[in-house]
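K.L.:
File upload.pdb follows (PDB, C-alpha atoms and all ligand atoms):
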ATOM      1  CA  MET A   1      88.358  78.826   1.490
ATOM      2  CA  ILE A   2      92.028  79.548   1.297
ATOM      3  CA  LYS A   3      91.427  83.041   2.625
ATOM      4  CA  ILE A   4      89.433  81.757   5.617
ATOM      5  CA  ASN A   5      91.997  79.092   6.363
ATOM      6  CA  PHE A   6      94.707  81.696   6.241
ATOM      7  CA  ALA A   7      92.767  83.931   8.632
ATOM      8  CA  VAL A   8      92.179  81.041  11.016
ATOM      9  CA  LEU A   9      95.812  80.026  10.866
ATOM     10  CA  THR A  10      96.919  83.605  11.489
ATOM     11  CA  PHE A  11      94.598  83.830  14.485
ATOM     12  CA  VAL A  12      95.849  80.539  15.935
ATOM     13  CA  TYR A  13      99.442  81.595  15.351
ATOM     14  CA  LEU A  14      98.859  84.922  17.111
ATOM     15  CA  LEU A  15      97.131  83.174  19.997
ATOM     16  CA  LEU A  16      99.985  80.722  20.404
ATOM     17  CA  SER A  17     102.674  83.368  20.135
ATOM     18  CA  ILE A  18     101.126  86.232  22.108
ATOM     19  CA  LEU A  19      99.184  84.476  24.871
ATOM     20  CA  PRO A  20     102.070  82.506  26.357
ATOM     21  CA  GLN A  21     104.206  85.652  26.408
ATOM     22  CA  LYS A  22     101.476  87.494  28.265
ATOM     23  CA  LEU A  23     101.220  84.704  30.818
ATOM     24  CA  GLN A  24     104.973  84.406  31.120
ATOM     25  CA  ALA A  25     105.209  88.154  31.717
ATOM     26  CA  GLN A  26     103.379  87.624  34.991
ATOM     27  CA  LYS A  27     105.856  85.037  36.183
ATOM     28  CA  ILE A  28     108.969  85.441  38.245
ATOM     29  CA  ASP A  29     112.168  84.715  36.328
ATOM     30  CA  THR A  30     113.226  81.497  38.094
ATOM     31  CA  GLY A  31     116.856  81.600  36.930
ATOM     32  CA  GLN A  32     117.317  85.208  38.055
ATOM     33  CA  LEU A  33     115.592  84.538  41.375
ATOM     34  CA  LEU A  34     117.808  81.587  42.286
ATOM     35  CA  ASN A  35     120.909  83.377  41.040
ATOM     36  CA  HIS A  36     120.239  86.336  43.373
ATOM     37  CA  VAL A  37     120.184  84.016  46.404
ATOM     38  CA  LYS A  38     123.259  82.102  45.265
ATOM     39  CA  ILE A  39     125.227  85.361  45.033
ATOM     40  CA  LEU A  40     123.854  87.028  48.195
ATOM     41  CA  ALA A  41     124.387  83.859  50.279
ATOM     42  CA  ALA A  42     127.866  83.088  48.914
ATOM     43  CA  ASP A  43     130.721  82.566  51.417
ATOM     44  CA  SER A  44     132.488  85.615  49.939
ATOM     45  CA  LEU A  45     129.772  87.857  51.464
ATOM     46  CA  GLU A  46     130.553  86.412  54.903
ATOM     47  CA  GLY A  47     126.983  86.492  56.199
ATOM     48  CA  ARG A  48     126.313  90.177  55.327
ATOM     49  CA  ARG A  49     126.850  91.530  58.864
ATOM     50  CA  THR A  50     125.832  95.194  59.165
ATOM     51  CA  CYS A  51     128.819  97.488  58.465
ATOM     52  CA  ALA A  52     131.085  94.532  57.508
ATOM     53  CA  PRO A  53     132.614  94.300  53.991
ATOM     54  CA  GLY A  54     130.188  91.499  53.049
ATOM     55  CA  ALA A  55     127.226  93.819  53.578
ATOM     56  CA  ALA A  56     128.848  96.362  51.243
ATOM     57  CA  LYS A  57     129.205  93.638  48.587
ATOM     58  CA  ALA A  58     125.514  92.748  48.992
ATOM     59  CA  ARG A  59     124.627  96.438  48.614
ATOM     60  CA  ASN A  60     126.633  96.753  45.399
ATOM     61  CA  TYR A  61     124.728  93.811  43.984
ATOM     62  CA  ILE A  62     121.319  95.207  44.997
ATOM     63  CA  LEU A  63     122.227  98.704  43.757
ATOM     64  CA  ASN A  64     123.268  97.375  40.355
ATOM     65  CA  HIS A  65     119.928  95.582  40.080
ATOM     66  CA  PHE A  66     117.936  98.680  41.135
ATOM     67  CA  LYS A  67     119.759 100.719  38.482
ATOM     68  CA  SER A  68     119.599  98.106  35.731
ATOM     69  CA  VAL A  69     115.825  97.575  36.002
ATOM     70  CA  GLY A  70     115.242 101.336  36.253
ATOM     71  CA  LEU A  71     114.078 102.005  39.822
ATOM     72  CA  ILE A  72     114.035 105.702  40.747
ATOM     73  CA  PRO A  73     116.387 106.653  43.636
ATOM     74  CA  PHE A  74     114.340 107.559  46.732
ATOM     75  CA  PHE A  75     117.455 109.136  48.289
ATOM     76  CA  GLU A  76     120.699 110.262  46.655
ATOM     77  CA  ASN A  77     122.147 107.125  45.045
ATOM     78  CA  TYR A  78     119.269 105.186  46.719
ATOM     79  CA  GLN A  79     121.082 105.239  50.092
ATOM     80  CA  GLN A  80     119.868 106.122  53.571
ATOM     81  CA  LYS A  81     122.752 105.945  56.039
ATOM     82  CA  PHE A  82     122.259 105.572  59.769
ATOM     83  CA  VAL A  83     124.209 104.965  62.956
ATOM     84  CA  VAL A  84     124.208 101.614  64.767
ATOM     85  CA  ASP A  85     125.214 100.916  68.345
ATOM     86  CA  GLU A  86     123.502  97.672  69.217
ATOM     87  CA  ARG A  87     124.399  94.092  70.168
ATOM     88  CA  GLY A  88     128.153  94.562  69.827
ATOM     89  CA  VAL A  89     127.993  96.359  66.474
ATOM     90  CA  LYS A  90     128.968 100.038  66.582
ATOM     91  CA  CYS A  91     129.325 101.972  63.325
ATOM     92  CA  ASP A  92     127.999 104.908  61.353
ATOM     93  CA  SER A  93     127.780 103.216  57.979
ATOM     94  CA  ALA A  94     124.644 101.085  58.110
ATOM     95  CA  VAL A  95     122.730 101.676  54.882
ATOM     96  CA  ASN A  96     119.184 101.113  53.642
ATOM     97  CA  LEU A  97     118.718 101.011  49.863
ATOM     98  CA  ILE A  98     115.432 102.496  48.652
ATOM     99  CA  GLY A  99     114.172 102.674  45.053
ATOM    100  CA  SER A 100     110.747 103.388  43.636
ATOM    101  CA  ILE A 101     108.476 102.955  40.636
ATOM    102  CA  GLU A 102     105.890 105.578  39.771
ATOM    103  CA  GLY A 103     102.304 104.352  39.497
ATOM    104  CA  THR A 104      99.755 105.367  36.872
ATOM    105  CA  ALA A 105      97.499 106.986  39.473
ATOM    106  CA  THR A 106      99.934 108.900  41.641
ATOM    107  CA  LYS A 107      97.275 110.415  43.855
ATOM    108  CA  ASN A 108      97.004 106.998  45.452
ATOM    109  CA  LYS A 109      99.097 106.175  48.498
ATOM    110  CA  SER A 110     102.305 104.178  47.982
ATOM    111  CA  ILE A 111     102.835 100.477  48.637
ATOM    112  CA  VAL A 112     106.135  99.483  50.282
ATOM    113  CA  ILE A 113     107.803  96.159  49.427
ATOM    114  CA  SER A 114     110.489  95.439  52.032
ATOM    115  CA  ALA A 115     113.136  92.782  52.727
ATOM    116  CA  HIS A 116     116.227  93.006  54.926
ATOM    117  CA  TYR A 117     119.577  92.108  53.362
ATOM    118  CA  ASP A 118     121.749  91.928  56.516
ATOM    119  CA  HIS A 119     122.373  88.723  58.439
ATOM    120  CA  GLU A 120     124.479  87.362  61.320
ATOM    121  CA  GLY A 121     127.940  87.450  59.714
ATOM    122  CA  ILE A 122     130.566  85.067  61.089
ATOM    123  CA  GLN A 123     129.837  83.422  64.463
ATOM    124  CA  ASN A 124     132.384  81.190  66.245
ATOM    125  CA  GLY A 125     134.421  80.964  63.053
ATOM    126  CA  LYS A 126     131.471  79.821  60.920
ATOM    127  CA  ILE A 127     129.810  81.818  58.160
ATOM    128  CA  PHE A 128     126.085  82.245  58.675
ATOM    129  CA  ASN A 129     125.148  82.594  54.996
ATOM    130  CA  GLY A 130     121.502  83.512  55.556
ATOM    131  CA  ALA A 131     120.179  82.058  52.308
ATOM    132  CA  ASP A 132     116.652  81.788  53.656
ATOM    133  CA  ASP A 133     117.126  84.644  56.156
ATOM    134  CA  ASN A 134     116.912  86.733  54.109
ATOM    135  CA  ALA A 135     118.614  86.425  50.746
ATOM    136  CA  SER A 136     115.360  84.692  49.732
ATOM    137  CA  GLY A 137     113.232  87.745  50.536
ATOM    138  CA  VAL A 138     115.642  90.169  48.856
ATOM    139  CA  ALA A 139     115.720  88.002  45.723
ATOM    140  CA  ALA A 140     111.911  88.013  45.552
ATOM    141  CA  MET A 141     111.849  91.794  46.055
ATOM    142  CA  LEU A 142     114.398  92.294  43.245
ATOM    143  CA  GLU A 143     112.383  90.214  40.788
ATOM    144  CA  ILE A 144     109.103  91.874  41.816
ATOM    145  CA  GLY A 145     110.866  95.165  41.058
ATOM    146  CA  ARG A 146     111.887  93.903  37.632
ATOM    147  CA  TYR A 147     108.268  92.884  36.893
ATOM    148  CA  PHE A 148     106.722  96.226  37.875
ATOM    149  CA  ALA A 149     109.427  98.218  36.093
ATOM    150  CA  LYS A 150     108.100  96.613  32.886
ATOM    151  CA  ASN A 151     104.419  96.532  33.913
ATOM    152  CA  GLN A 152     103.562  99.887  35.449
ATOM    153  CA  PRO A 153     101.565  99.552  38.683
ATOM    154  CA  LYS A 154      98.626 101.761  39.690
ATOM    155  CA  HIS A 155     100.189 102.789  43.020
ATOM    156  CA  ASP A 156     103.676 104.166  43.486
ATOM    157  CA  LEU A 157     105.815 101.278  44.741
ATOM    158  CA  ILE A 158     108.719 101.786  47.155
ATOM    159  CA  PHE A 159     111.298  98.979  47.335
ATOM    160  CA  CYS A 160     113.215  98.857  50.637
ATOM    161  CA  ALA A 161     116.317  96.707  51.138
ATOM    162  CA  PHE A 162     116.729  97.247  54.868
ATOM    163  CA  ASP A 163     119.982  96.955  56.819
ATOM    164  CA  ALA A 164     120.409  96.017  60.517
ATOM    165  CA  GLU A 165     117.197  94.031  60.912
ATOM    166  CA  GLU A 166     119.077  91.403  62.895
ATOM    167  CA  LEU A 167     120.278  94.103  65.310
ATOM    168  CA  GLY A 168     116.744  95.145  66.282
ATOM    169  CA  LEU A 169     114.875  96.187  63.114
ATOM    170  CA  LEU A 170     117.040  99.315  62.966
ATOM    171  CA  GLY A 171     116.868  99.950  59.210
ATOM    172  CA  SER A 172     113.087  99.945  59.015
ATOM    173  CA  LYS A 173     112.829 102.101  62.149
ATOM    174  CA  SER A 174     115.212 104.655  60.570
ATOM    175  CA  PHE A 175     113.213 104.709  57.347
ATOM    176  CA  VAL A 176     109.803 105.112  58.969
ATOM    177  CA  LYS A 177     111.151 107.853  61.218
ATOM    178  CA  ILE A 178     112.181 110.134  58.357
ATOM    179  CA  LEU A 179     108.922 109.819  56.385
ATOM    180  CA  PRO A 180     106.810 112.898  56.974
ATOM    181  CA  ASP A 181     103.101 112.232  57.275
ATOM    182  CA  ILE A 182     103.630 108.501  56.829
ATOM    183  CA  LYS A 183     100.041 107.561  57.597
ATOM    184  CA  ASN A 184      98.776 109.569  54.633
ATOM    185  CA  SER A 185     101.515 108.556  52.226
ATOM    186  CA  ILE A 186     101.930 104.784  52.731
ATOM    187  CA  LEU A 187      98.981 102.458  52.145
ATOM    188  CA  LEU A 188     100.659  99.260  53.299
ATOM    189  CA  ASP A 189     103.907  97.363  53.739
ATOM    190  CA  ILE A 190     104.486  93.990  52.076
ATOM    191  CA  ASN A 191     107.400  92.533  54.061
ATOM    192  CA  ILE A 192     109.234  89.407  52.875
ATOM    193  CA  ASP A 193     111.563  87.623  55.323
ATOM    194  CA  MET A 194     112.371  83.885  54.911
ATOM    195  CA  ILE A 195     110.410  82.311  52.062
ATOM    196  CA  GLY A 196     112.927  79.629  51.036
ATOM    197  CA  VAL A 197     112.551  76.636  53.382
ATOM    198  CA  SER A 198     109.405  74.678  54.195
ATOM    199  CA  LEU A 199     109.300  70.890  54.241
ATOM    200  CA  ARG A 200     105.513  71.095  54.614
ATOM    201  CA  ASN A 201     105.191  73.458  51.644
ATOM    202  CA  GLU A 202     103.597  76.095  53.914
ATOM    203  CA  LEU A 203     103.802  79.840  53.382
ATOM    204  CA  TYR A 204     102.313  82.074  56.073
ATOM    205  CA  ILE A 205     100.732  85.489  55.694
ATOM    206  CA  ALA A 206     100.652  87.486  58.930
ATOM    207  CA  GLY A 207      99.116  90.907  59.508
ATOM    208  CA  ALA A 208      95.503  90.506  58.440
ATOM    209  CA  TYR A 209      94.363  90.208  62.063
ATOM    210  CA  HIS A 210      95.242  93.916  62.394
ATOM    211  CA  SER A 211      93.787  94.875  58.984
ATOM    212  CA  PRO A 212      90.968  92.457  58.022
ATOM    213  CA  PHE A 213      90.330  94.328  54.741
ATOM    214  CA  LEU A 214      93.573  92.813  53.442
ATOM    215  CA  LYS A 215      92.332  89.272  54.059
ATOM    216  CA  ARG A 216      89.139  90.057  52.160
ATOM    217  CA  GLN A 217      91.191  91.380  49.237
ATOM    218  CA  VAL A 218      93.787  88.589  49.117
ATOM    219  CA  ASN A 219      91.603  85.550  49.899
ATOM    220  CA  PRO A 220      90.608  84.948  46.246
ATOM    221  CA  ILE A 221      94.310  84.580  45.392
ATOM    222  CA  VAL A 222      94.918  82.299  48.380
ATOM    223  CA  ASN A 223      91.919  80.143  47.474
ATOM    224  CA  SER A 224      92.950  79.792  43.826
ATOM    225  CA  GLN A 225      96.424  78.622  44.843
ATOM    226  CA  ASP A 226      97.007  74.910  44.213
ATOM    227  CA  GLN A 227     100.802  74.670  44.434
ATOM    228  CA  LEU A 228     101.477  75.986  47.919
ATOM    229  CA  LYS A 229      99.707  75.684  51.221
ATOM    230  CA  VAL A 230      99.106  79.353  52.047
ATOM    231  CA  LEU A 231      97.997  79.959  55.617
ATOM    232  CA  TRP A 232      96.842  83.074  57.456
ATOM    233  CA  GLY A 233      98.072  83.510  61.031
ATOM    234  CA  HIS A 234     100.902  84.229  63.448
ATOM    235  CA  ASP A 235      99.483  87.688  64.179
ATOM    236  CA  THR A 236      97.224  87.370  67.240
ATOM    237  CA  PRO A 237      98.318  88.388  70.767
ATOM    238  CA  GLU A 238      97.388  85.100  72.478
ATOM    239  CA  LEU A 239     100.108  83.305  70.479
ATOM    240  CA  GLY A 240     102.858  84.910  72.584
ATOM    241  CA  SER A 241     106.243  84.355  70.903
ATOM    242  CA  GLN A 242     104.451  82.883  67.870
ATOM    243  CA  ASP A 243     102.732  86.222  67.270
ATOM    244  CA  TRP A 244     105.027  87.647  64.564
ATOM    245  CA  THR A 245     103.498  91.160  64.609
ATOM    246  CA  LEU A 246     106.762  92.676  65.881
ATOM    247  CA  ALA A 247     109.151  89.996  64.571
ATOM    248  CA  SER A 248     110.518  91.645  61.424
ATOM    249  CA  ASP A 249     110.670  95.005  59.625
ATOM    250  CA  HIS A 250     106.895  95.287  59.195
ATOM    251  CA  ALA A 251     106.808  96.134  62.931
ATOM    252  CA  ALA A 252     108.015  99.680  62.257
ATOM    253  CA  PHE A 253     105.115 100.220  59.857
ATOM    254  CA  HIS A 254     102.642  98.579  62.239
ATOM    255  CA  ARG A 255     103.750 100.918  65.047
ATOM    256  CA  ALA A 256     103.142 103.858  62.692
ATOM    257  CA  LYS A 257      99.604 102.479  62.147
ATOM    258  CA  ILE A 258     100.338 101.343  58.582
ATOM    259  CA  PRO A 259      98.706  98.028  57.602
ATOM    260  CA  PHE A 260     101.153  95.240  56.713
ATOM    261  CA  LEU A 261     101.256  91.762  55.252
ATOM    262  CA  TYR A 262     104.261  89.683  56.211
ATOM    263  CA  PHE A 263     105.179  86.650  54.076
ATOM    264  CA  GLY A 264     107.373  83.966  55.638
ATOM    265  CA  VAL A 265     107.821  80.429  56.918
ATOM    266  CA  GLU A 266     107.823  78.867  60.369
ATOM    267  CA  ASP A 267     111.082  78.208  62.169
ATOM    268  CA  HIS A 268     113.207  75.374  60.755
ATOM    269  CA  ALA A 269     116.420  73.471  61.478
ATOM    270  CA  HIS A 270     118.641  75.792  59.381
ATOM    271  CA  HIS A 271     117.333  79.067  60.795
ATOM    272  CA  ASN A 272     120.159  81.114  62.354
ATOM    273  CA  GLN A 273     122.616  78.281  61.676
ATOM    274  CA  SER A 274     125.638  78.024  59.392
ATOM    275  CA  THR A 275     123.578  75.494  57.390
ATOM    276  CA  ASP A 276     121.217  78.205  56.071
ATOM    277  CA  THR A 277     122.819  77.895  52.644
ATOM    278  CA  PHE A 278     121.690  78.084  49.022
ATOM    279  CA  GLU A 279     121.909  74.274  48.742
ATOM    280  CA  ASN A 280     119.545  73.791  51.685
ATOM    281  CA  LEU A 281     116.730  75.925  50.268
ATOM    282  CA  ASN A 282     113.651  74.121  48.950
ATOM    283  CA  HIS A 283     114.062  75.617  45.493
ATOM    284  CA  ARG A 284     110.632  74.652  44.159
ATOM    285  CA  PHE A 285     108.844  76.006  47.219
ATOM    286  CA  PHE A 286     110.898  79.195  47.099
ATOM    287  CA  VAL A 287     110.081  79.925  43.453
ATOM    288  CA  GLN A 288     106.377  79.258  44.049
ATOM    289  CA  ALA A 289     106.352  81.480  47.147
ATOM    290  CA  ALA A 290     107.961  84.370  45.249
ATOM    291  CA  GLN A 291     105.486  83.915  42.391
ATOM    292  CA  PHE A 292     102.576  83.872  44.838
ATOM    293  CA  ILE A 293     103.702  87.142  46.440
ATOM    294  CA  LEU A 294     104.002  88.792  43.022
ATOM    295  CA  THR A 295     100.523  87.577  42.036
ATOM    296  CA  THR A 296      99.142  88.881  45.340
ATOM    297  CA  LEU A 297     100.729  92.283  44.759
ATOM    298  CA  ILE A 298      99.415  92.571  41.195
ATOM    299  CA  HIS A 299      95.934  91.793  42.529
ATOM    300  CA  LEU A 300      96.156  94.153  45.527
ATOM    301  CA  ASP A 301      97.527  97.002  43.417
ATOM    302  CA  ALA A 302      94.605  96.723  40.993
ATOM    303  CA  GLN A 303      91.902  96.083  43.598
ATOM    304  CA  LEU A 304      92.874  98.843  46.009
ATOM    305  CA  ALA A 305      93.221 101.369  43.177
ATOM    306  CA  SER A 306      89.868 100.495  41.595
ATOM    307  CA  ASN A 307      87.994 100.806  44.864
ATOM    308  CA  LYS A 308      88.524 104.401  45.927
ATOM    309  CA  ASN A 309      86.410 103.906  49.026
ATOM    310  CA  TYR A 310      88.154 100.790  50.240
ATOM    311  CA  GLN A 311      87.918 100.282  53.941
ATOM    312  CA  THR A 312      91.328 100.057  55.526
ATOM    313  CA  LYS A 313      89.996  98.330  58.622
TER     314      LYS A 313
HETATM  315 ZN    ZN B 401     115.067  87.819  58.857
END
Can I see the file as structure tokens?

P.N.:
Amino acid sequence: MIKINFAVLTFVYLLLSILPQKLQAQKIDTGQLLNHVKILAADSLEGRRTCAPGAAKARNYILNHFKSVGLIPFFENYQQKFVVDERGVKCDSAVNLIGSIEGTATKNKSIVISAHYDHEGIQNGKIFNGADDNASGVAAMLEIGRYFAKNQPKHDLIFCAFDAEELGLLGSKSFVKILPDIKNSILLDINIDMIGVSLRNELYIAGAYHSPFLKRQVNPIVNSQDQLKVLWGHDTPELGSQDWTLASDHAAFHRAKIPFLYFGVEDHAHHNQSTDTFENLNHRFFVQAAQFILTTLIHLDAQLASNKNYQTK
């Protein structure tokens, strides 16, 4: 009797101690996530304008994270420099930061996870902090990187912190341009831009109109979601300015015929205002959105790797 009881107790103890850890391992670290935004959207970074000192501070922060979680440099010291001469900004020191994680099945194509770190800087004497646009997306990308550095994916993952998005998607265009044979090397782009503010608790996924196979793959995750309202849309031509197909860095991949999924929110009162601050984020929504994107990626990575003959249409 004593022996059986001991075995049962040991089993229950193991279940209680191991299971929660396994579940927790799939979750975004909430404290780290919020801390990233707080730092990237601080006044001291002065709105992270491309080539301004605040952008360099943001880069240092992102670089330290890439190194500390163990991402592999895609370029020397992770950096791709490029020239900018657009919308009043002229400089030769715009910089994308690119790190990667090797997958277990490297013959598969790579998945890109992208988020731009630049914002509008100081306008009319006011700092445009860009907490939602797009410290929120960068923070999610950083924590997704931390997760996959500990839990090896099937596909190679490429993490892109793009510069100069606000000046015309220049960072993503520069990156796509230098990739040889991009169509055969990149499976898809997951682009995250503004996931921190939604009074209606709504997160949009755009891009599936162009690549319906992605909707088929992701729908089970969307349908099992009970915290957020996840909606497909904003990617059909008849929507005019509300068609977001070319609205953020995923456009460069789309033009190169790479499927994309864009995660973001609809326009809101703080967008492109000095009130886009850490305090004005909907923290609960933001954490849930980041967690949802990570869950979607874990699912897509496994599904697309297990089905060698997946249709990319
Ligand atoms: Zn943006």

K.L.:
Leaving out Ala55 in chain A and any residue of its chain fewer than 4 positions from it, which residues lie within 10 Å of it when counting all atoms listed in the file, given as a list in words?

P.N.:
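The residues that qualify are Leu40, Leu45, Glu46, Gly47, Arg48, Arg49, Thr50, Cys51, Arg59, Asn60, Tyr61, Ala94, Val95, Tyr117, Asp118, His119, Gly121, Asp163 and Ala164 of chain A.
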
K.L.:
Could you check the closest approach to ligand ZN 401 (chain B) for each of A:Ile178, A:Val230, A:Ile113, A:Val265 and tell me which residue wins, using only C-alpha atoms and all ligand atoms?

P.N.:
A:Val265

K.L.:
Which residue is closest to Thr296 in chain A? Choose from A:Leu246, A:Ile221, A:Ala161, A:Leu169 and count only C-alpha atoms.

P.N.:
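Under the stated criterion, the closest residue is A:Ile221.
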
K.L.:
Between A:Phe285, A:Leu294, A:Leu142, A:Leu167, which one has atoms that come closest to Lys27 in chain A, using only C-alpha atoms?

P.N.:
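Looking at the shortest contact to Lys27 in chain A, the residue is A:Leu294.
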
K.L.:
Using the chain letters and numbers from the file, which residues does the PyMOL selection byres (((chain A and resi 147) around 12) and not hetatm) grab, as a ChimeraX atom specification?

P.N.:
/A:24-29,32-33,69-71,101,140-146,148-153,157,290-291,294-295,297-298

K.L.:
Those residues you just picked out, can you put them in a file as an mmCIF file, keeping the file's coordinate frame with C-alpha atoms?

P.N.:
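Below is the file part.cif, written as the result:
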data_model
loop_
_atom_site.group_PDB
_atom_site.id
_atom_site.type_symbol
_atom_site.label_atom_id
_atom_site.label_comp_id
_atom_site.auth_asym_id
_atom_site.auth_seq_id
_atom_site.Cartn_x
_atom_site.Cartn_y
_atom_site.Cartn_z
ATOM 1 C CA GLN A 24 104.973 84.406 31.120
ATOM 2 C CA ALA A 25 105.209 88.154 31.717
ATOM 3 C CA GLN A 26 103.379 87.624 34.991
ATOM 4 C CA LYS A 27 105.856 85.037 36.183
ATOM 5 C CA ILE A 28 108.969 85.441 38.245
ATOM 6 C CA ASP A 29 112.168 84.715 36.328
ATOM 7 C CA GLN A 32 117.317 85.208 38.055
ATOM 8 C CA LEU A 33 115.592 84.538 41.375
ATOM 9 C CA VAL A 69 115.825 97.575 36.002
ATOM 10 C CA GLY A 70 115.242 101.336 36.253
ATOM 11 C CA LEU A 71 114.078 102.005 39.822
ATOM 12 C CA ILE A 101 108.476 102.955 40.636
ATOM 13 C CA ALA A 140 111.911 88.013 45.552
ATOM 14 C CA MET A 141 111.849 91.794 46.055
ATOM 15 C CA LEU A 142 114.398 92.294 43.245
ATOM 16 C CA GLU A 143 112.383 90.214 40.788
ATOM 17 C CA ILE A 144 109.103 91.874 41.816
ATOM 18 C CA GLY A 145 110.866 95.165 41.058
ATOM 19 C CA ARG A 146 111.887 93.903 37.632
ATOM 20 C CA PHE A 148 106.722 96.226 37.875
ATOM 21 C CA ALA A 149 109.427 98.218 36.093
ATOM 22 C CA LYS A 150 108.100 96.613 32.886
ATOM 23 C CA ASN A 151 104.419 96.532 33.913
ATOM 24 C CA GLN A 152 103.562 99.887 35.449
ATOM 25 C CA PRO A 153 101.565 99.552 38.683
ATOM 26 C CA LEU A 157 105.815 101.278 44.741
ATOM 27 C CA ALA A 290 107.961 84.370 45.249
ATOM 28 C CA GLN A 291 105.486 83.915 42.391
ATOM 29 C CA LEU A 294 104.002 88.792 43.022
ATOM 30 C CA THR A 295 100.523 87.577 42.036
ATOM 31 C CA LEU A 297 100.729 92.283 44.759
ATOM 32 C CA ILE A 298 99.415 92.571 41.195
#

K.L.:
Mind working out the centre and edge lengths of an axis-aligned box for range 40-47 of chain A, all listed atoms inside, 5 Å added to each side, rounded to one decimal in Å and written as JSON?

P.N.:
{"center_x": 128.2, "center_y": 85.2, "center_z": 52.2, "size_x": 18.6, "size_y": 15.3, "size_z": 18.0}

K.L.:
For ligand ZN 401 (chain B), which of A:Gln80, A:Thr30, A:Asn272, A:Ser172 is the closest residue, counting all atoms listed in the file?

P.N.:
A:Asn272

K.L.:
Which residues sit within 6 Å of ligand ZN 401 (chain B), counting only C-alpha atoms and all ligand atoms, listed as a list of chain:residue names?

P.N.:
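So, counting only C-alpha atoms and all ligand atoms, the residues near ligand ZN 401 (chain B) are A:Asp133, A:Asn134, A:Asp193.
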
K.L.:
Can you pull out the residues contacting range 158-160 of chain A? Cut-off 10 Å, using only C-alpha atoms, and skip same-chain residues under 5 positions away; I want them as a PyMOL selection string.

P.N.:
chain A and resi 66+71-74+78+96-102+110-117+138+141-142+144-145+171-172+175+186+189-191

K.L.:
Mind writing the picked residues with C-alpha atoms as a PDB file, in the coordinates of the input?

P.N.:
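The resulting part39.pdb:
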ATOM      1  CA  PHE A  66     117.936  98.680  41.135  1.00  0.00           C
ATOM      2  CA  LEU A  71     114.078 102.005  39.822  1.00  0.00           C
ATOM      3  CA  ILE A  72     114.035 105.702  40.747  1.00  0.00           C
ATOM      4  CA  PRO A  73     116.387 106.653  43.636  1.00  0.00           C
ATOM      5  CA  PHE A  74     114.340 107.559  46.732  1.00  0.00           C
ATOM      6  CA  TYR A  78     119.269 105.186  46.719  1.00  0.00           C
ATOM      7  CA  ASN A  96     119.184 101.113  53.642  1.00  0.00           C
ATOM      8  CA  LEU A  97     118.718 101.011  49.863  1.00  0.00           C
ATOM      9  CA  ILE A  98     115.432 102.496  48.652  1.00  0.00           C
ATOM     10  CA  GLY A  99     114.172 102.674  45.053  1.00  0.00           C
ATOM     11  CA  SER A 100     110.747 103.388  43.636  1.00  0.00           C
ATOM     12  CA  ILE A 101     108.476 102.955  40.636  1.00  0.00           C
ATOM     13  CA  GLU A 102     105.890 105.578  39.771  1.00  0.00           C
ATOM     14  CA  SER A 110     102.305 104.178  47.982  1.00  0.00           C
ATOM     15  CA  ILE A 111     102.835 100.477  48.637  1.00  0.00           C
ATOM     16  CA  VAL A 112     106.135  99.483  50.282  1.00  0.00           C
ATOM     17  CA  ILE A 113     107.803  96.159  49.427  1.00  0.00           C
ATOM     18  CA  SER A 114     110.489  95.439  52.032  1.00  0.00           C
ATOM     19  CA  ALA A 115     113.136  92.782  52.727  1.00  0.00           C
ATOM     20  CA  HIS A 116     116.227  93.006  54.926  1.00  0.00           C
ATOM     21  CA  TYR A 117     119.577  92.108  53.362  1.00  0.00           C
ATOM     22  CA  VAL A 138     115.642  90.169  48.856  1.00  0.00           C
ATOM     23  CA  MET A 141     111.849  91.794  46.055  1.00  0.00           C
ATOM     24  CA  LEU A 142     114.398  92.294  43.245  1.00  0.00           C
ATOM     25  CA  ILE A 144     109.103  91.874  41.816  1.00  0.00           C
ATOM     26  CA  GLY A 145     110.866  95.165  41.058  1.00  0.00           C
ATOM     27  CA  GLY A 171     116.868  99.950  59.210  1.00  0.00           C
ATOM     28  CA  SER A 172     113.087  99.945  59.015  1.00  0.00           C
ATOM     29  CA  PHE A 175     113.213 104.709  57.347  1.00  0.00           C
ATOM     30  CA  ILE A 186     101.930 104.784  52.731  1.00  0.00           C
ATOM     31  CA  ASP A 189     103.907  97.363  53.739  1.00  0.00           C
ATOM     32  CA  ILE A 190     104.486  93.990  52.076  1.00  0.00           C
ATOM     33  CA  ASN A 191     107.400  92.533  54.061  1.00  0.00           C
TER      34      ASN A 191
END

K.L.:
Assuming the chain letters and numbering stay as they are in my file, what does the PyMOL selection byres (((chain A and resi 183) around 12) and not hetatm) actually select? List them as a VMD selection string.

P.N.:
chain A and resid 109 to 111 176 to 177 179 to 182 184 to 189 253 to 259 312

K.L.:
Would you mind telling me which residue in A:Ala105, A:Ala269, A:Met194, A:Ala56 lies nearest to Gly137 in chain A when using all atoms listed in the file?

P.N.:
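Among A:Ala105, A:Ala269, A:Met194, A:Ala56, it is A:Met194 that comes nearest to Gly137 in chain A.
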